[in-house]
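Participant: Starting off with a structure, shown below.
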Amino acid sequence: MRVVDLILERSLQLLLQTPSSEARLATELSGCAPTELMDPTPFLDPHALLLTSGIGMNFSDERTWDAFVERLAEVPVCAIVFATGMAHRVLPPGLVAACTRRDIPLLEVPAAVPPLQVNRFIESVMHAERLAVVNQGWTLADECARLANQDAEVVTLLATIFNTIESPLAVYDAYGTVIAQYPAIASWTEGIRTKPEVGVLNIPLPMGLNNPCRLAIRDKDSDSPLASLLGPVASIIALQLNRSVIVDASRQHEIKNFVIACQSWEEATHLDVRRTFQDIGLDASEETTVLVADMSGEFASTSWQLRVALHDKFETVRVTEFGDRMVALAQNPRVDFDIVVERLLHIHDRQPLVLKRPTLSLFELRLSVVHALQMVQRIDRPQLAPDFGLSAVVTATAGRGSKESARKFLAPLWEYDSKRTGPLVETLRAYLRNDAQPSKTCSALFIHRNSLNYRLRKIESLLRLNLSSVEGQATCLFALRLVDLDDK
């Protein structure tokens, strides 16, 4: 309801007694405040309408009226409605002059109209408006619930809300990170904010969490009924966000069993892997994408972003977190894999995260899981993993015989190091870790080039191979990887 709507209501017979601007007359009322206090400002809400008969205001000094109106302008009130015929036969000239100077609309209630009628009319209209907002909110929630039942993305829900409120909005997680927003071009402040942000309405989402996600809406008008409008739909967004956690949690034990089976090459057979894969509710005939991410320290803040992104881009997702690792298995992509890569690899530019291309056979999937788990330990940024990984192949071939052979092969180096406290094993590891490049190896070990050459010749002599050849380097690399697996 606006001030001008009161003037246009014939039953109230209100008379505008000031040359007020169109902008002031278009101001929306936040409520009606009937009062006879000399200073009611402590009890007024911004943009309230002041209704008074001026009882006790029997003064004629214009400065007193000006001080009265000045205090009201600071609130500010949207208008003053003054009832004549009770304490004042006509409007006080000082009041009219003060309202004119401050551009506060002054409306006169004629003696024939009871002031209570004005108050009742305002309350009835505003009650109807609030009811209309609530009904609109439930209609919006119903539309979003329909979309959610069709597995719509969270961004789709935000777009539907945007079409109604025509204001940018975003969803923040507990770490203050934007996990979804609409439109995409809108800019939002990252990080946890302990104080309200000017021009932004924050609605905690009812998720059953100590630190829930929040729905943020650009709200230029602090008196707009957005909170009432979006209350019901906030529950739908919360349910949609929780959906991924609920689905994932219901299979968490089964997902862990599958990952363990993939890593246990000696204990778990292919049939064991197939059985655990079926237990998590995935289809062995569908392609499966693997994601493994480091969730330690600061990277814990990306948990919701990764989950939302996975559920947005795939119809079927299984996610679990154990230790400081997130492991996700996804099937039935909604978009091309290139779009999946673009979305998942740009959530955090410093997070160790490995994404594997879709695999069809369980044999290849098992290698992909192991490869991703091993690779995530050696990287410092998100990466799309190569289709073939040496570490995974080493793990797959790590039977008892191969491990014993590797230890026997490296035994001369350990024996040499134990007798001379020499660093031959350390030197070999550093040499291979630095791609067999002498300069990098010397820098890593803080030794002279001559010292490195001496150690490398000694290693070749003890192991009876040529470290300058690819075969010699690969043999040592395989042996070290096999021994490392056995030591874990």
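Naming scheme: A, B, ... for chains in displayed order of the structure tokens; residues 1 onward per chain; ligands 1 onward as shown.
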Excluding range 331-344 of chain A and residues on its chain fewer than 5 positions from it, collect all residues at most 7 Å away from it, counting only C-alpha atoms, and give them as a list in words.
Facilitator: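 Once the adjacent positions are removed, what remains is Glu286, Glu287, Thr288, Thr289, Leu306, Ala309, Lys313, Phe314, Glu315, Thr316 and Val317 of chain A.
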Participant: Write out as a ChimeraX atom specification which residues come within 8 Å of Thr41 in chain A when counting only C-alpha atoms, dropping same-chain ones fewer than 5 positions away.
Facilitator: /A:71-72,75
Participant: Using only C-alpha atoms for the distances, tell me which of A:Pro46, A:Gly176, A:Pro386, A:Pro40 is nearest to Gln305 in chain A.
Facilitator: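 Comparing A:Pro46, A:Gly176, A:Pro386, A:Pro40 against Gln305 in chain A, the winner is A:Gly176.
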Participant: Per DSSP on the backbone, what are the strand (DSSP E or B) residues of range 294-475 of chain A, as number ranges by chain?
Facilitator: A: 294, 314-322, 325-333, 353-359, 382-384
Participant: From a DSSP pass on the backbone, collect the residues of range 424-480 of chain A flagged as helix (DSSP H, G or I) and hand them back as a VMD selection string.
Facilitator: chain A and resid 424 to 433 438 to 445 449 to 463 470 to 480
Participant: Which residues come within 8 Å of range 116-119 of chain A, counting only C-alpha atoms, excluding same-chain residues fewer than 6 positions away, as a list in words?
Facilitator: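 Returned residues: Leu12, Cys32, Pro34 and Leu51 of chain A.
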Participant: Only C-alpha atoms, please: the residues just picked out, written as a PDB file, in the first residue's frame.
Facilitator:
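Output saved as selection.pdb:
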```pdb
ATOM      1  CA  LEU A  12     -11.653   7.945   3.920  1.00  0.00           C
ATOM      2  CA  CYS A  32       0.081   2.468  10.689  1.00  0.00           C
ATOM      3  CA  PRO A  34      -1.800   5.721  15.923  1.00  0.00           C
ATOM      4  CA  LEU A  51      -1.921   8.846  12.675  1.00  0.00           C
TER       5      LEU A  51
END
```
Participant: Distance CA of Met295 in chain A-CA of Val327 in chain A, one decimal place?
Facilitator: 10.1 Å
Participant: When you look at Met326 in chain A with a cut-off of 7 Å (counting only C-alpha atoms), what residues show up, excluding the ones that are within fewer than 3 positions of it in the same chain? I need them as a ChimeraX atom specification.
Facilitator: /A:292-295,320-322
Participant: What's the 7 Å shell around range 255-272 of chain A, counting only C-alpha atoms, without same-chain residues fewer than 3 positions away, as number ranges by chain?
Facilitator: A: 251-252, 275-277, 280, 320, 366, 369-370, 396, 399
Participant: Separation of CA of Val273 in chain A and CA of Ser405 in chain A, in Å?
Facilitator: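 Atom-to-atom, CA of Val273 in chain A to CA of Ser405 in chain A, that is 27.1 Å.
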Participant: Near Ser187 in chain A, counting only C-alpha atoms, which residues have an atom at most 10 Å away, once you skip same-chain residues fewer than 6 positions from it, shown as a list in words?
Facilitator: Pro168, Leu169, Ala170, Val178 and Gln181 of chain A
Participant: With distances taken over only C-alpha atoms, which of A:Leu413, A:Ala436, A:Val155, A:Ala372 is nearest to His311 in chain A?
Facilitator: A:Val155
Participant: I'd like the neighbourhood of Arg101 in chain A as a list in words, where a residue qualifies if any of its atoms comes within 10 Å (using only C-alpha atoms), though same-chain residues fewer than 6 positions away should be ignored.
Facilitator: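 Listing them by chain and then by number gives Thr18, Pro19, Ser20, Asp66, Val69, Glu70 and Leu95 of chain A.
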Participant: So that I have them on file, write out the residues from the current selection with N, CA, C and O atoms, as a PDB file, in the first residue's frame.
Facilitator:
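Contents of result-v5.pdb, freshly written:
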```pdb
ATOM      1  N   THR A  18      -0.267  19.257   1.494  1.00  0.00           N
ATOM      2  CA  THR A  18       1.102  19.688   1.186  1.00  0.00           C
ATOM      3  C   THR A  18       1.415  19.399  -0.280  1.00  0.00           C
ATOM      4  O   THR A  18       0.886  18.441  -0.858  1.00  0.00           O
ATOM      5  N   PRO A  19       2.275  20.203  -0.885  1.00  0.00           N
ATOM      6  CA  PRO A  19       2.658  19.960  -2.289  1.00  0.00           C
ATOM      7  C   PRO A  19       3.726  18.864  -2.376  1.00  0.00           C
ATOM      8  O   PRO A  19       4.860  19.122  -2.774  1.00  0.00           O
ATOM      9  N   SER A  20       3.375  17.678  -1.983  1.00  0.00           N
ATOM     10  CA  SER A  20       4.363  16.590  -1.892  1.00  0.00           C
ATOM     11  C   SER A  20       4.743  16.066  -3.268  1.00  0.00           C
ATOM     12  O   SER A  20       3.942  16.075  -4.212  1.00  0.00           O
ATOM     13  N   ASP A  66       8.087  22.513  13.808  1.00  0.00           N
ATOM     14  CA  ASP A  66       9.207  22.140  12.937  1.00  0.00           C
ATOM     15  C   ASP A  66      10.090  21.081  13.603  1.00  0.00           C
ATOM     16  O   ASP A  66      10.538  20.136  12.955  1.00  0.00           O
ATOM     17  N   VAL A  69       8.228  17.697  13.397  1.00  0.00           N
ATOM     18  CA  VAL A  69       8.296  17.090  12.054  1.00  0.00           C
ATOM     19  C   VAL A  69       9.722  16.650  11.728  1.00  0.00           C
ATOM     20  O   VAL A  69       9.942  15.620  11.073  1.00  0.00           O
ATOM     21  N   GLU A  70      10.710  17.434  12.213  1.00  0.00           N
ATOM     22  CA  GLU A  70      12.109  17.067  11.946  1.00  0.00           C
ATOM     23  C   GLU A  70      12.439  15.691  12.525  1.00  0.00           C
ATOM     24  O   GLU A  70      13.108  14.885  11.882  1.00  0.00           O
ATOM     25  N   LEU A  95       2.340  23.145  11.423  1.00  0.00           N
ATOM     26  CA  LEU A  95       2.506  21.753  10.984  1.00  0.00           C
ATOM     27  C   LEU A  95       2.532  21.668   9.465  1.00  0.00           C
ATOM     28  O   LEU A  95       3.364  20.953   8.882  1.00  0.00           O
TER      29      LEU A  95
END
```
